[in-house]
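Asker: Pasting query.txt here (compact mmCIF, C-alpha atoms and all ligand atoms):
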```txt
# COMPACT_ATOMS: atom_id res chain seq x y z
CA MET A 654 0.00 0.00 0.00
CA ILE A 655 1.28 3.43 -0.88
CA LYS A 656 -0.14 6.58 0.68
CA ILE A 657 0.67 9.88 -1.00
CA GLU A 658 -0.22 12.69 1.37
CA GLY A 659 -0.30 16.29 0.14
CA VAL A 660 2.80 15.88 -2.00
CA THR A 661 4.25 18.71 -4.05
CA LYS A 662 7.29 18.63 -6.33
CA VAL A 663 8.93 21.77 -7.68
CA TYR A 664 11.93 20.96 -9.86
CA ARG A 665 13.22 24.49 -10.23
CA LYS A 666 12.51 27.44 -7.98
CA GLY A 667 10.00 29.72 -9.66
CA SER A 668 8.75 27.07 -12.09
CA PRO A 669 5.20 25.66 -11.65
CA PRO A 670 5.00 22.50 -9.54
CA ALA A 671 5.18 19.22 -11.48
CA VAL A 672 3.05 17.69 -8.72
CA ASP A 673 0.86 19.98 -6.68
CA GLY A 674 -0.57 18.95 -3.31
CA LEU A 675 -1.41 15.43 -4.47
CA THR A 676 -3.16 13.02 -2.08
CA LEU A 677 -3.74 9.49 -3.33
CA ASP A 678 -3.81 5.93 -2.01
CA MET A 679 -2.75 2.75 -3.80
CA ASN A 680 -4.39 -0.12 -1.98
CA ASP A 681 -3.30 -3.76 -1.76
CA GLY A 682 -4.95 -6.04 -4.30
CA GLU A 683 -6.02 -3.06 -6.39
CA VAL A 684 -5.02 -1.53 -9.71
CA LEU A 685 -5.05 2.25 -9.59
CA GLY A 686 -4.98 3.92 -12.98
CA LEU A 687 -3.15 7.26 -13.13
CA VAL A 688 -4.25 9.24 -16.15
CA GLY A 689 -3.10 12.63 -17.40
CA LEU A 690 -1.79 14.34 -20.50
CA ASN A 691 1.94 14.49 -21.21
CA GLY A 692 3.53 16.58 -18.49
CA ALA A 693 0.64 16.12 -16.04
CA GLY A 694 3.00 14.76 -13.38
CA LYS A 695 2.55 10.98 -13.68
CA THR A 696 6.24 10.05 -13.95
CA THR A 697 7.18 12.48 -11.20
CA THR A 698 4.56 10.87 -8.92
CA ILE A 699 5.91 7.41 -9.74
CA ARG A 700 9.55 8.45 -9.25
CA MET A 701 8.75 10.03 -5.89
CA SER A 702 6.82 6.91 -4.82
CA SER A 703 9.86 4.78 -5.72
CA GLY A 704 12.25 7.02 -3.79
CA ILE A 705 14.13 8.10 -6.94
CA THR A 706 13.02 11.75 -6.74
CA LEU A 707 12.53 13.63 -3.48
CA PRO A 708 9.24 15.43 -2.85
CA THR A 709 9.55 19.16 -2.13
CA SER A 710 6.87 18.80 0.54
CA GLY A 711 4.31 16.28 1.76
CA LYS A 712 4.73 12.67 2.71
CA ILE A 713 4.77 9.28 0.97
CA LEU A 714 4.35 6.11 3.01
CA VAL A 715 5.09 2.68 1.53
CA ASP A 716 3.49 0.01 3.69
CA GLY A 717 3.84 2.46 6.56
CA PHE A 718 7.49 3.43 5.88
CA ASP A 719 8.35 7.00 4.96
CA ILE A 720 10.00 7.07 1.53
CA VAL A 721 12.34 9.88 2.59
CA ARG A 722 13.14 9.12 6.23
CA GLU A 723 13.04 5.30 5.97
CA LYS A 724 14.11 5.07 2.35
CA VAL A 725 15.76 1.64 2.40
CA ARG A 726 12.84 -0.18 4.00
CA ALA A 727 10.27 1.77 1.99
CA SER A 728 11.83 1.54 -1.47
CA ARG A 729 12.57 -2.18 -1.06
CA ASN A 730 8.85 -2.74 -1.37
CA VAL A 731 8.38 -0.73 -4.54
CA GLY A 732 9.00 -2.01 -8.04
CA TRP A 733 9.03 0.45 -10.90
CA ILE A 734 8.75 -0.30 -14.62
CA PRO A 735 9.91 2.89 -16.39
CA GLU A 736 8.34 4.15 -19.60
CA PHE A 737 11.60 3.63 -21.48
CA PRO A 738 13.60 0.95 -19.70
CA ASN A 739 17.30 1.10 -20.35
CA PHE A 740 19.92 -1.46 -19.51
CA GLU A 741 23.62 -2.04 -20.00
CA PRO A 742 23.49 -2.83 -23.75
CA ASN A 743 26.12 -5.55 -23.74
CA ALA A 744 24.62 -7.45 -20.81
CA LYS A 745 22.73 -10.70 -21.28
CA PRO A 746 19.36 -10.96 -19.55
CA LEU A 747 20.10 -14.03 -17.44
CA THR A 748 23.42 -12.65 -16.18
CA LEU A 749 21.88 -9.28 -15.35
CA LEU A 750 18.90 -10.81 -13.55
CA LYS A 751 21.18 -13.03 -11.46
CA TYR A 752 23.18 -9.93 -10.57
CA PHE A 753 20.01 -8.10 -9.47
CA ALA A 754 18.97 -11.19 -7.48
CA GLY A 755 22.11 -10.64 -5.42
CA PHE A 756 20.62 -7.41 -4.05
CA TYR A 757 17.87 -9.52 -2.50
CA GLY A 758 20.18 -12.07 -0.91
CA LEU A 759 19.85 -14.69 -3.64
CA GLY A 760 22.96 -16.34 -5.00
CA GLY A 761 24.15 -19.38 -6.94
CA ARG A 762 21.56 -21.92 -7.97
CA GLU A 763 18.73 -20.11 -6.21
CA ALA A 764 19.42 -16.88 -8.13
CA GLU A 765 19.66 -18.77 -11.43
CA ASP A 766 16.39 -20.66 -10.84
CA LYS A 767 14.56 -17.47 -9.91
CA ALA A 768 15.97 -15.59 -12.92
CA LEU A 769 14.99 -18.42 -15.29
CA GLU A 770 11.51 -18.62 -13.80
CA LEU A 771 10.98 -14.89 -14.32
CA LEU A 772 12.36 -14.90 -17.87
CA ARG A 773 9.92 -17.68 -18.69
CA MET A 774 7.09 -15.81 -16.99
CA VAL A 775 7.65 -12.71 -19.12
CA GLY A 776 8.00 -14.77 -22.31
CA LEU A 777 11.70 -14.12 -22.93
CA GLU A 778 13.02 -17.65 -22.57
CA LYS A 779 13.84 -17.88 -26.27
CA ALA A 780 15.71 -14.56 -26.26
CA MET A 781 17.72 -15.30 -23.15
CA ASP A 782 21.06 -15.56 -24.93
CA LYS A 783 20.74 -12.32 -26.85
CA LYS A 784 22.41 -9.15 -25.64
CA LEU A 785 19.99 -6.54 -24.32
CA ARG A 786 21.04 -4.10 -27.06
CA SER A 787 19.21 -6.30 -29.58
CA TYR A 788 15.96 -6.18 -27.60
CA SER A 789 12.97 -4.23 -28.96
CA GLN A 790 11.23 -1.69 -26.72
CA GLY A 791 8.50 -4.26 -25.98
CA MET A 792 11.12 -6.89 -25.02
CA LYS A 793 12.85 -4.33 -22.79
CA LYS A 794 9.54 -3.69 -21.06
CA ARG A 795 9.10 -7.43 -20.48
CA PHE A 796 12.65 -7.64 -19.14
CA SER A 797 12.03 -4.64 -16.91
CA ILE A 798 9.01 -6.46 -15.42
CA ALA A 799 11.22 -9.49 -14.70
CA GLU A 800 13.86 -7.25 -13.14
CA THR A 801 11.24 -5.57 -10.95
CA LEU A 802 9.72 -8.84 -9.80
CA ILE A 803 13.00 -10.40 -8.73
CA GLY A 804 12.69 -8.54 -5.43
CA ASP A 805 9.03 -9.58 -5.11
CA PRO A 806 7.91 -6.02 -4.23
CA LYS A 807 4.49 -5.55 -2.65
CA ASN A 808 3.85 -2.44 -4.74
CA VAL A 809 4.40 -2.32 -8.50
CA LEU A 810 4.30 0.88 -10.54
CA PHE A 811 3.90 0.63 -14.32
CA ASP A 812 4.74 3.90 -16.09
CA GLU A 813 3.02 4.05 -19.51
CA THR A 814 3.88 0.36 -19.94
CA LEU A 815 1.12 -0.28 -22.49
CA ASN A 816 2.29 2.60 -24.66
CA GLY A 817 4.02 1.43 -27.84
CA LEU A 818 3.41 -2.28 -27.27
CA ASP A 819 2.03 -4.55 -29.97
CA PRO A 820 -1.38 -6.17 -29.25
CA GLN A 821 0.31 -9.33 -27.93
CA GLY A 822 2.41 -7.23 -25.58
CA VAL A 823 -0.66 -5.34 -24.37
CA ILE A 824 -2.45 -8.62 -23.58
CA PHE A 825 0.65 -9.90 -21.81
CA VAL A 826 0.97 -6.80 -19.59
CA ARG A 827 -2.77 -6.83 -18.78
CA LYS A 828 -2.56 -10.48 -17.74
CA MET A 829 0.55 -9.81 -15.69
CA ILE A 830 -1.19 -6.94 -13.92
CA GLY A 831 -4.20 -9.20 -13.18
CA ARG A 832 -1.87 -11.83 -11.77
CA LEU A 833 -0.04 -9.37 -9.52
CA ARG A 834 -3.34 -7.95 -8.30
CA SER A 835 -4.57 -11.44 -7.40
CA GLU A 836 -1.38 -11.89 -5.36
CA GLY A 837 -2.53 -8.89 -3.30
CA LYS A 838 -0.02 -6.36 -4.61
CA ALA A 839 -0.84 -2.67 -4.91
CA ILE A 840 -0.48 -1.69 -8.56
CA LEU A 841 -0.31 1.63 -10.29
CA LEU A 842 -0.70 1.87 -14.06
CA SER A 843 -0.15 5.25 -15.65
CA SER A 844 -1.29 6.30 -19.09
CA HIS A 845 -2.16 9.40 -21.06
CA ILE A 846 -5.15 7.52 -22.53
CA LEU A 847 -8.12 6.82 -20.27
CA THR A 848 -9.59 4.15 -22.55
CA GLU A 849 -6.28 2.26 -22.52
CA ILE A 850 -6.54 1.45 -18.83
CA GLU A 851 -10.27 1.42 -18.08
CA ASP A 852 -10.44 -2.39 -18.38
CA SER A 853 -7.52 -3.02 -16.03
CA ALA A 854 -8.10 -0.40 -13.37
CA ASP A 855 -10.24 -0.72 -10.25
CA ARG A 856 -10.08 3.03 -9.73
CA VAL A 857 -8.77 5.81 -11.90
CA ALA A 858 -7.14 9.03 -10.71
CA ILE A 859 -7.16 11.77 -13.32
CA ILE A 860 -4.45 14.38 -12.84
CA ASN A 861 -3.80 17.63 -14.60
CA ARG A 862 -0.93 20.06 -13.98
CA GLY A 863 0.09 17.97 -10.99
CA LYS A 864 -3.31 18.15 -9.30
CA LEU A 865 -5.90 15.44 -8.75
CA VAL A 866 -8.93 16.37 -10.85
CA LYS A 867 -11.10 13.30 -10.33
CA LEU A 868 -11.03 9.89 -8.70
CA LEU A 869 -13.33 7.38 -10.39
CA ASP A 870 -14.28 4.05 -8.87
CA ARG A 871 -15.09 0.84 -10.76
CA SER A 872 -18.86 1.41 -10.81
CA GLU A 873 -18.45 4.92 -12.20
CA LEU A 874 -16.03 3.63 -14.83
CA LYS A 875 -18.48 0.93 -15.85
CA TYR A 876 -21.09 3.45 -16.97
CA LEU A 877 -18.86 6.22 -18.26
CA GLY A 878 -18.87 6.63 -21.97
CA LYS A 879 -22.01 4.50 -22.36
CA THR A 880 -25.51 5.60 -23.25
CA GLN A 881 -27.94 6.01 -20.34
CA VAL A 882 -31.63 6.92 -20.38
CA LYS A 883 -33.23 9.16 -17.79
CA ILE A 884 -36.99 8.92 -17.43
CA THR A 885 -39.43 10.79 -15.18
CA VAL A 886 -43.00 9.56 -14.91
CA ASP A 887 -45.99 11.08 -13.08
CA ASN A 888 -47.39 7.72 -11.94
CA PRO A 889 -44.46 5.46 -11.00
CA ASP A 890 -46.59 2.61 -9.65
CA GLY A 891 -47.13 -0.96 -10.72
CA PRO A 892 -44.61 -2.95 -12.70
CA ILE A 893 -42.61 -0.01 -14.09
CA GLU A 894 -39.26 -1.37 -12.92
CA GLY A 895 -40.06 -4.72 -14.56
CA VAL A 896 -40.81 -2.91 -17.84
CA LEU A 897 -37.59 -0.92 -17.71
CA SER A 898 -35.37 -3.82 -16.66
CA GLN A 899 -36.10 -5.50 -20.01
CA PHE A 900 -34.03 -2.70 -21.54
CA GLY A 901 -31.19 -2.44 -19.04
CA GLU A 902 -30.10 -2.08 -15.43
CA THR A 903 -32.60 0.19 -13.70
CA GLU A 904 -32.05 2.56 -10.81
CA ARG A 905 -34.92 4.41 -9.17
CA ARG A 906 -34.95 7.75 -7.37
CA GLY A 907 -38.56 8.63 -6.52
CA ASN A 908 -40.39 9.08 -9.79
CA GLU A 909 -37.12 9.31 -11.70
CA PHE A 910 -35.53 6.25 -13.32
CA LEU A 911 -32.11 5.71 -14.83
CA VAL A 912 -31.66 2.86 -17.32
CA ARG A 913 -27.99 1.91 -17.82
CA ASP A 914 -26.00 -0.93 -19.30
CA LEU A 915 -28.53 -1.03 -22.14
CA LYS A 916 -29.51 -4.40 -23.60
CA VAL A 917 -30.73 -2.74 -26.80
CA ASN A 918 -28.89 -0.72 -29.44
CA SER A 919 -29.25 3.03 -29.17
CA ASP A 920 -31.56 3.15 -32.23
CA ARG A 921 -34.06 1.13 -30.17
CA ILE A 922 -34.18 3.58 -27.26
CA PRO A 923 -37.61 4.91 -28.45
CA ASP A 924 -38.93 1.37 -27.77
CA ILE A 925 -38.52 2.11 -24.05
CA LEU A 926 -40.82 5.12 -24.34
CA GLU A 927 -43.30 3.13 -26.40
CA ALA A 928 -43.37 0.31 -23.81
CA LEU A 929 -44.01 2.76 -20.98
CA VAL A 930 -46.78 4.61 -22.79
CA GLY A 931 -48.30 1.26 -23.81
CA LYS A 932 -48.54 0.33 -20.11
CA GLY A 933 -50.28 3.60 -19.27
CA TYR A 934 -47.36 5.53 -17.79
CA ARG A 935 -47.42 9.29 -18.18
CA VAL A 936 -43.86 10.17 -19.18
CA ARG A 937 -42.83 13.70 -18.24
CA GLU A 938 -39.18 13.50 -19.22
CA PHE A 939 -37.27 11.09 -21.45
CA THR A 940 -33.62 11.80 -22.28
CA SER A 941 -30.74 9.69 -23.39
CA PHE A 942 -27.20 10.84 -22.78
CA GLY A 943 -23.67 9.54 -22.64
CA GLU A 944 -20.34 10.74 -23.89
CA SER A 945 -17.20 9.02 -24.95
CA LEU A 946 -14.59 8.40 -22.28
CA GLU A 947 -12.16 10.60 -24.14
CA GLN A 948 -14.64 13.47 -24.26
CA TYR A 949 -15.31 13.01 -20.55
CA PHE A 950 -11.58 13.21 -19.88
CA PHE A 951 -11.11 16.34 -21.96
CA ASP A 952 -14.17 17.99 -20.40
CA LEU A 953 -12.69 17.32 -16.96
CA ILE A 954 -9.30 18.81 -17.66
CA GLY A 955 -10.77 21.70 -19.61
CA GLY A 956 -9.08 20.87 -22.90
CA SER A 957 -10.32 19.93 -26.33
CA LYS A 958 -9.93 16.81 -28.41
N1 LIG B 1001 13.99 16.35 -14.12
C1 LIG B 1001 13.17 17.36 -14.36
N2 LIG B 1001 13.59 18.64 -14.28
C2 LIG B 1001 12.77 19.68 -14.52
N3 LIG B 1001 11.46 19.53 -14.86
C3 LIG B 1001 10.99 18.29 -14.97
C4 LIG B 1001 11.80 17.13 -14.74
N4 LIG B 1001 11.05 16.03 -14.92
C5 LIG B 1001 9.81 16.45 -15.26
N5 LIG B 1001 9.77 17.81 -15.29
C6 LIG B 1001 8.59 18.65 -15.59
O1 LIG B 1001 7.58 18.29 -14.67
C7 LIG B 1001 6.32 18.26 -15.32
C8 LIG B 1001 5.68 16.88 -15.12
O2 LIG B 1001 6.44 15.94 -15.85
P1 LIG B 1001 6.19 14.36 -15.75
O3 LIG B 1001 7.25 13.69 -16.57
O4 LIG B 1001 6.06 13.98 -14.34
O5 LIG B 1001 4.78 14.24 -16.44
P2 LIG B 1001 4.07 12.97 -17.11
O6 LIG B 1001 2.64 13.09 -16.80
O7 LIG B 1001 4.76 11.73 -16.71
O8 LIG B 1001 4.30 13.24 -18.64
P3 LIG B 1001 4.81 12.23 -19.79
O9 LIG B 1001 3.65 11.36 -20.09
O10 LIG B 1001 5.14 13.16 -20.90
O11 LIG B 1001 6.01 11.51 -19.24
C9 LIG B 1001 6.54 18.62 -16.76
O12 LIG B 1001 6.28 20.00 -16.91
C10 LIG B 1001 8.01 18.33 -16.97
O13 LIG B 1001 8.57 19.18 -17.94
```
Taking this structure as input, can you express it in the form of structure tokens?
Answerer:
Amino acid sequence: MIKIEGVTKVYRKGSPPAVDGLTLDMNDGEVLGLVGLNGAGKTTTIRMSSGITLPTSGKILVDGFDIVREKVRASRNVGWIPEFPNFEPNAKPLTLLKYFAGFYGLGGREAEDKALELLRMVGLEKAMDKKLRSYSQGMKKRFSIAETLIGDPKNVLFDETLNGLDPQGVIFVRKMIGRLRSEGKAILLSSHILTEIEDSADRVAIINRGKLVKLLDRSELKYLGKTQVKITVDNPDGPIEGVLSQFGETERRGNEFLVRDLKVNSDRIPDILEALVGKGYRVREFTSFGESLEQYFFDLIGGSK
């Protein structure tokens, strides 16, 4: 679990903060999506949470340990997959992984077995004898995941990891994230594209100019960007909910109804009105709405597509 409490980062005196009073929790067994445009402060947040960059003010606790004052104990439990992983170009993956295993007290056969297991897990077993300089960006990302997992950190931060991957790579990273979540790890996945992470994330934090603009939970994400129908009737008695539930998930607030997760295509929305009128309901208001996730994102941060 990582707790970011009122954290600000100013790189240069007089320049605007890269991260500005950010408060955010990454819970165990949860994937938190961190979404913002380029320069919004995602990488800075990740680097501060890993102990690589110092916050100017505020506090970051990793499983209860302060990332500044108890850096060794805190950062040991954070794994970070950078957006552009870079390694000693002439190194071979197995040798390098065994070397990293040494930092975690593994040596000899144990280190080799662990390194081989991880290389297999990230699908690099066939490229194990190649030098890292010959690796593609996607292969480097896979290797970076293996490197991160060698210390078995409880918190794993993926910085734009899906960006630039081929479809197979995207599926691989999504599965890996699901696996780590099921092991109870706290996971952060950053992206500049909301739609890219909506399927993987349990919650999504949208940041802009270093500030938290919106925190969305799973149920809000489920309905965002999908058509919903709002209906107000004068006589909400009898089987109205039964009528509406044929068309989608129905929520009632007094004489107002919201139909979401529609079972019919949007061109059949008038059928809902017809069914209600056919059953004798007096419909005062009938509106369908819904916007794309991207539009929602841009509306929130005050930009344009
Ligand atoms: N080392 C640095 N020195 C000075 N300014 C920096 C440094 N790193 C980042 N910044 C600035 O801080 C702001 C936030 O950058 P950051 O890289 O955290 O954003 P981001 O959301 O990760 O963007 P991207 O998706 O482009 O990586 C930007 O204005 C950037 O120019």
Asker: Can I get the residues of chain A within 10 Å of ligand LIG 1001 (chain B), each with the closest pair of atoms and their distance in Å to one decimal, using all atoms listed in the file, sorted chain first then ascending number, as JSON lines?
Answerer:
```
{"residue": "A:Lys662", "atom": "CA", "partner": "B:LIG1001", "partner_atom": "O1", "distance": 8.4}
{"residue": "A:Val663", "atom": "CA", "partner": "B:LIG1001", "partner_atom": "O1", "distance": 7.9}
{"residue": "A:Tyr664", "atom": "CA", "partner": "B:LIG1001", "partner_atom": "C2", "distance": 4.9}
{"residue": "A:Arg665", "atom": "CA", "partner": "B:LIG1001", "partner_atom": "C2", "distance": 6.5}
{"residue": "A:Ser668", "atom": "CA", "partner": "B:LIG1001", "partner_atom": "N3", "distance": 8.5}
{"residue": "A:Pro669", "atom": "CA", "partner": "B:LIG1001", "partner_atom": "O12", "distance": 7.8}
{"residue": "A:Pro670", "atom": "CA", "partner": "B:LIG1001", "partner_atom": "O1", "distance": 7.1}
{"residue": "A:Ala671", "atom": "CA", "partner": "B:LIG1001", "partner_atom": "O1", "distance": 4.1}
{"residue": "A:Val672", "atom": "CA", "partner": "B:LIG1001", "partner_atom": "C8", "distance": 7.0}
{"residue": "A:Leu687", "atom": "CA", "partner": "B:LIG1001", "partner_atom": "O6", "distance": 9.0}
{"residue": "A:Val688", "atom": "CA", "partner": "B:LIG1001", "partner_atom": "O6", "distance": 7.9}
{"residue": "A:Gly689", "atom": "CA", "partner": "B:LIG1001", "partner_atom": "O6", "distance": 5.8}
{"residue": "A:Leu690", "atom": "CA", "partner": "B:LIG1001", "partner_atom": "O6", "distance": 5.9}
{"residue": "A:Asn691", "atom": "CA", "partner": "B:LIG1001", "partner_atom": "O10", "distance": 3.5}
{"residue": "A:Gly692", "atom": "CA", "partner": "B:LIG1001", "partner_atom": "O5", "distance": 3.4}
{"residue": "A:Ala693", "atom": "CA", "partner": "B:LIG1001", "partner_atom": "O6", "distance": 3.7}
{"residue": "A:Gly694", "atom": "CA", "partner": "B:LIG1001", "partner_atom": "O4", "distance": 3.3}
{"residue": "A:Lys695", "atom": "CA", "partner": "B:LIG1001", "partner_atom": "O6", "distance": 3.8}
{"residue": "A:Thr696", "atom": "CA", "partner": "B:LIG1001", "partner_atom": "O7", "distance": 3.6}
{"residue": "A:Thr697", "atom": "CA", "partner": "B:LIG1001", "partner_atom": "O4", "distance": 3.7}
{"residue": "A:Thr698", "atom": "CA", "partner": "B:LIG1001", "partner_atom": "O4", "distance": 6.4}
{"residue": "A:Ile699", "atom": "CA", "partner": "B:LIG1001", "partner_atom": "O4", "distance": 8.0}
{"residue": "A:Arg700", "atom": "CA", "partner": "B:LIG1001", "partner_atom": "O4", "distance": 8.3}
{"residue": "A:Met701", "atom": "CA", "partner": "B:LIG1001", "partner_atom": "O4", "distance": 9.7}
{"residue": "A:Thr706", "atom": "CA", "partner": "B:LIG1001", "partner_atom": "N1", "distance": 8.8}
{"residue": "A:Pro735", "atom": "CA", "partner": "B:LIG1001", "partner_atom": "O11", "distance": 9.9}
{"residue": "A:Glu736", "atom": "CA", "partner": "B:LIG1001", "partner_atom": "O11", "distance": 7.7}
{"residue": "A:Phe737", "atom": "CA", "partner": "B:LIG1001", "partner_atom": "O11", "distance": 9.9}
{"residue": "A:Asp812", "atom": "CA", "partner": "B:LIG1001", "partner_atom": "O7", "distance": 7.9}
{"residue": "A:Glu813", "atom": "CA", "partner": "B:LIG1001", "partner_atom": "O9", "distance": 7.4}
{"residue": "A:Asn816", "atom": "CA", "partner": "B:LIG1001", "partner_atom": "O9", "distance": 10.0}
{"residue": "A:Ser843", "atom": "CA", "partner": "B:LIG1001", "partner_atom": "O7", "distance": 8.2}
{"residue": "A:Ser844", "atom": "CA", "partner": "B:LIG1001", "partner_atom": "O9", "distance": 7.1}
{"residue": "A:His845", "atom": "CA", "partner": "B:LIG1001", "partner_atom": "O9", "distance": 6.2}
{"residue": "A:Ile846", "atom": "CA", "partner": "B:LIG1001", "partner_atom": "O9", "distance": 9.9}
{"residue": "A:Ile860", "atom": "CA", "partner": "B:LIG1001", "partner_atom": "O6", "distance": 8.2}
{"residue": "A:Asn861", "atom": "CA", "partner": "B:LIG1001", "partner_atom": "O6", "distance": 8.2}
{"residue": "A:Arg862", "atom": "CA", "partner": "B:LIG1001", "partner_atom": "C8", "distance": 7.4}
{"residue": "A:Gly863", "atom": "CA", "partner": "B:LIG1001", "partner_atom": "C8", "distance": 7.0}
```
Asker: Could you check the closest approach to A:Ile884 for each of A:Lys751, A:Arg913, A:Arg773, A:Arg937 and tell me which residue wins, using all atoms listed in the file?
Answerer: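 Of A:Lys751, A:Arg913, A:Arg773, A:Arg937, the one nearest A:Ile884, counting all atoms listed in the file, is A:Arg937.
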Asker: So the first atom is atom CA of A:Thr709 and the second is atom CA of A:Glu658; what is the distance between them in Å, to one decimal place?
Answerer: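 We find that atom CA of A:Thr709 and atom CA of A:Glu658 lie 12.2 Å from each other.
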Asker: Have a look at A:Lys656, A:Lys767, A:Lys916, A:Lys783 and name the one nearest to A:Phe718; count all atoms listed in the file.
Answerer: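 Nearest to A:Phe718: A:Lys656.
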Asker: Taking only C-alpha atoms into account, which of A:Lys875, A:Arg921, A:Lys838, A:Arg832 comes nearest A:Asp681?
Answerer: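 Closest residue, counting only C-alpha atoms: A:Lys838.
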Asker: What is the atom CA of A:Ile954-atom CA of A:Ala858 distance in Å, reported with one decimal?
Answerer: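 Computing the Euclidean distance for atom CA of A:Ile954 and atom CA of A:Ala858 yields 12.2 Å.
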Asker: Skip stretch 897-906 of chain A itself and residues of its chain fewer than 2 positions away, then list as a count of residues only all residues within 9 Å of it, counting all atoms listed in the file.
Answerer: 19
Asker: Quick one: residues within 10 Å of A:Lys807, all atoms listed in the file, excluding same-chain residues fewer than 3 positions away - as number ranges by chain?
Answerer: A: 654-655, 681-682, 715-716, 729-732, 802, 804, 833-834, 836-840
Asker: Please report the interatomic distance between atom CA of A:Gln948 and atom CA of A:Asp852 in Å with one decimal.
Answerer: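 Separation of atom CA of A:Gln948 and atom CA of A:Asp852: 17.4 Å.
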Asker: Could you please give me, as a list in words, the residues of protein, DNA or RNA lying at most 9 Å from (3.8, 13.5, -0.2) in the coordinate frame of the file, considering all atoms listed in the file?
Answerer: Lys656, Ile657, Glu658, Gly659, Val660, Thr661, Lys662, Gly674, Leu675, Thr676, Met701, Ser702, Pro708, Thr709, Ser710, Gly711, Lys712, Ile713 and Leu714 of chain A
Asker: I'd like the contact shell of stretch 753-765 of chain A - 8 Å cut-off, only C-alpha atoms, skipping same-chain residues fewer than 6 positions apart - returned as a PDB file with C-alpha atoms, in the frame of the given file.
Answerer:
```pdb
ATOM      1  CA  LEU A 747      20.100 -14.030 -17.440  1.00  0.00           C
ATOM      2  CA  GLU A 800      13.860  -7.250 -13.140  1.00  0.00           C
ATOM      3  CA  ILE A 803      13.000 -10.400  -8.730  1.00  0.00           C
ATOM      4  CA  GLY A 804      12.690  -8.540  -5.430  1.00  0.00           C
TER       5      GLY A 804
END
```
Asker: Return the padded bounding box of stretch 760-772 of chain A as AutoDock Vina command-line options: axis-aligned, built from all atoms listed in the file, 8 Å added on each side, with centre and edge lengths in Å to one decimal.
Answerer:
```
--center_x 17.6 --center_y -18.4 --center_z -11.4 --size_x 29.2 --size_y 23.0 --size_z 28.9
```
Asker: With distances taken over only C-alpha atoms, which residue among A:Ala727, A:Ala744, A:Leu810, A:Ile798 lies nearest A:Leu785?
Answerer: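 Among A:Ala727, A:Ala744, A:Leu810, A:Ile798, it is A:Ala744 that comes nearest to A:Leu785.
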Asker: For A:Thr848, which residue out of A:Val823, A:Leu750, A:Leu777, A:Leu874 is the nearest one, using only C-alpha atoms?
Answerer: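 The closest residue to A:Thr848 is A:Leu874.
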Asker: Could you add whatever atoms are missing so that stretch 718-729 of chain A carries N, CA and C atoms, then write the result as a CSV table (one decimal), in the coordinates of the input?
Answerer:
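The result, stored in result_5.csv:
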```csv
chain,number,residue,atom,x,y,z
A,718,PHE,N,6.1,2.8,5.8
A,718,PHE,CA,7.5,3.4,5.9
A,718,PHE,C,7.6,4.7,5.0
A,719,ASP,N,8.2,5.7,5.6
A,719,ASP,CA,8.4,7.0,5.0
A,719,ASP,C,9.4,6.9,3.9
A,720,ILE,N,9.1,7.3,2.7
A,720,ILE,CA,10.0,7.1,1.5
A,720,ILE,C,11.2,8.0,1.6
A,721,VAL,N,11.2,9.0,2.4
A,721,VAL,CA,12.3,9.9,2.6
A,721,VAL,C,13.1,9.5,3.8
A,722,ARG,N,12.4,9.4,5.0
A,722,ARG,CA,13.1,9.1,6.2
A,722,ARG,C,13.5,7.6,6.4
A,723,GLU,N,12.7,6.7,5.8
A,723,GLU,CA,13.0,5.3,6.0
A,723,GLU,C,13.2,4.7,4.6
A,724,LYS,N,14.0,5.4,3.8
A,724,LYS,CA,14.1,5.1,2.4
A,724,LYS,C,14.4,3.6,2.0
A,725,VAL,N,15.3,3.0,2.7
A,725,VAL,CA,15.8,1.6,2.4
A,725,VAL,C,14.6,0.7,2.6
A,726,ARG,N,13.9,0.7,3.7
A,726,ARG,CA,12.8,-0.2,4.0
A,726,ARG,C,11.6,0.1,3.1
A,727,ALA,N,11.4,1.4,2.8
A,727,ALA,CA,10.3,1.8,2.0
A,727,ALA,C,10.5,1.4,0.5
A,728,SER,N,11.6,1.7,0.0
A,728,SER,CA,11.8,1.5,-1.5
A,728,SER,C,12.0,0.1,-1.8
A,729,ARG,N,12.4,-0.7,-0.8
A,729,ARG,CA,12.6,-2.2,-1.1
A,729,ARG,C,11.2,-2.8,-1.5
```
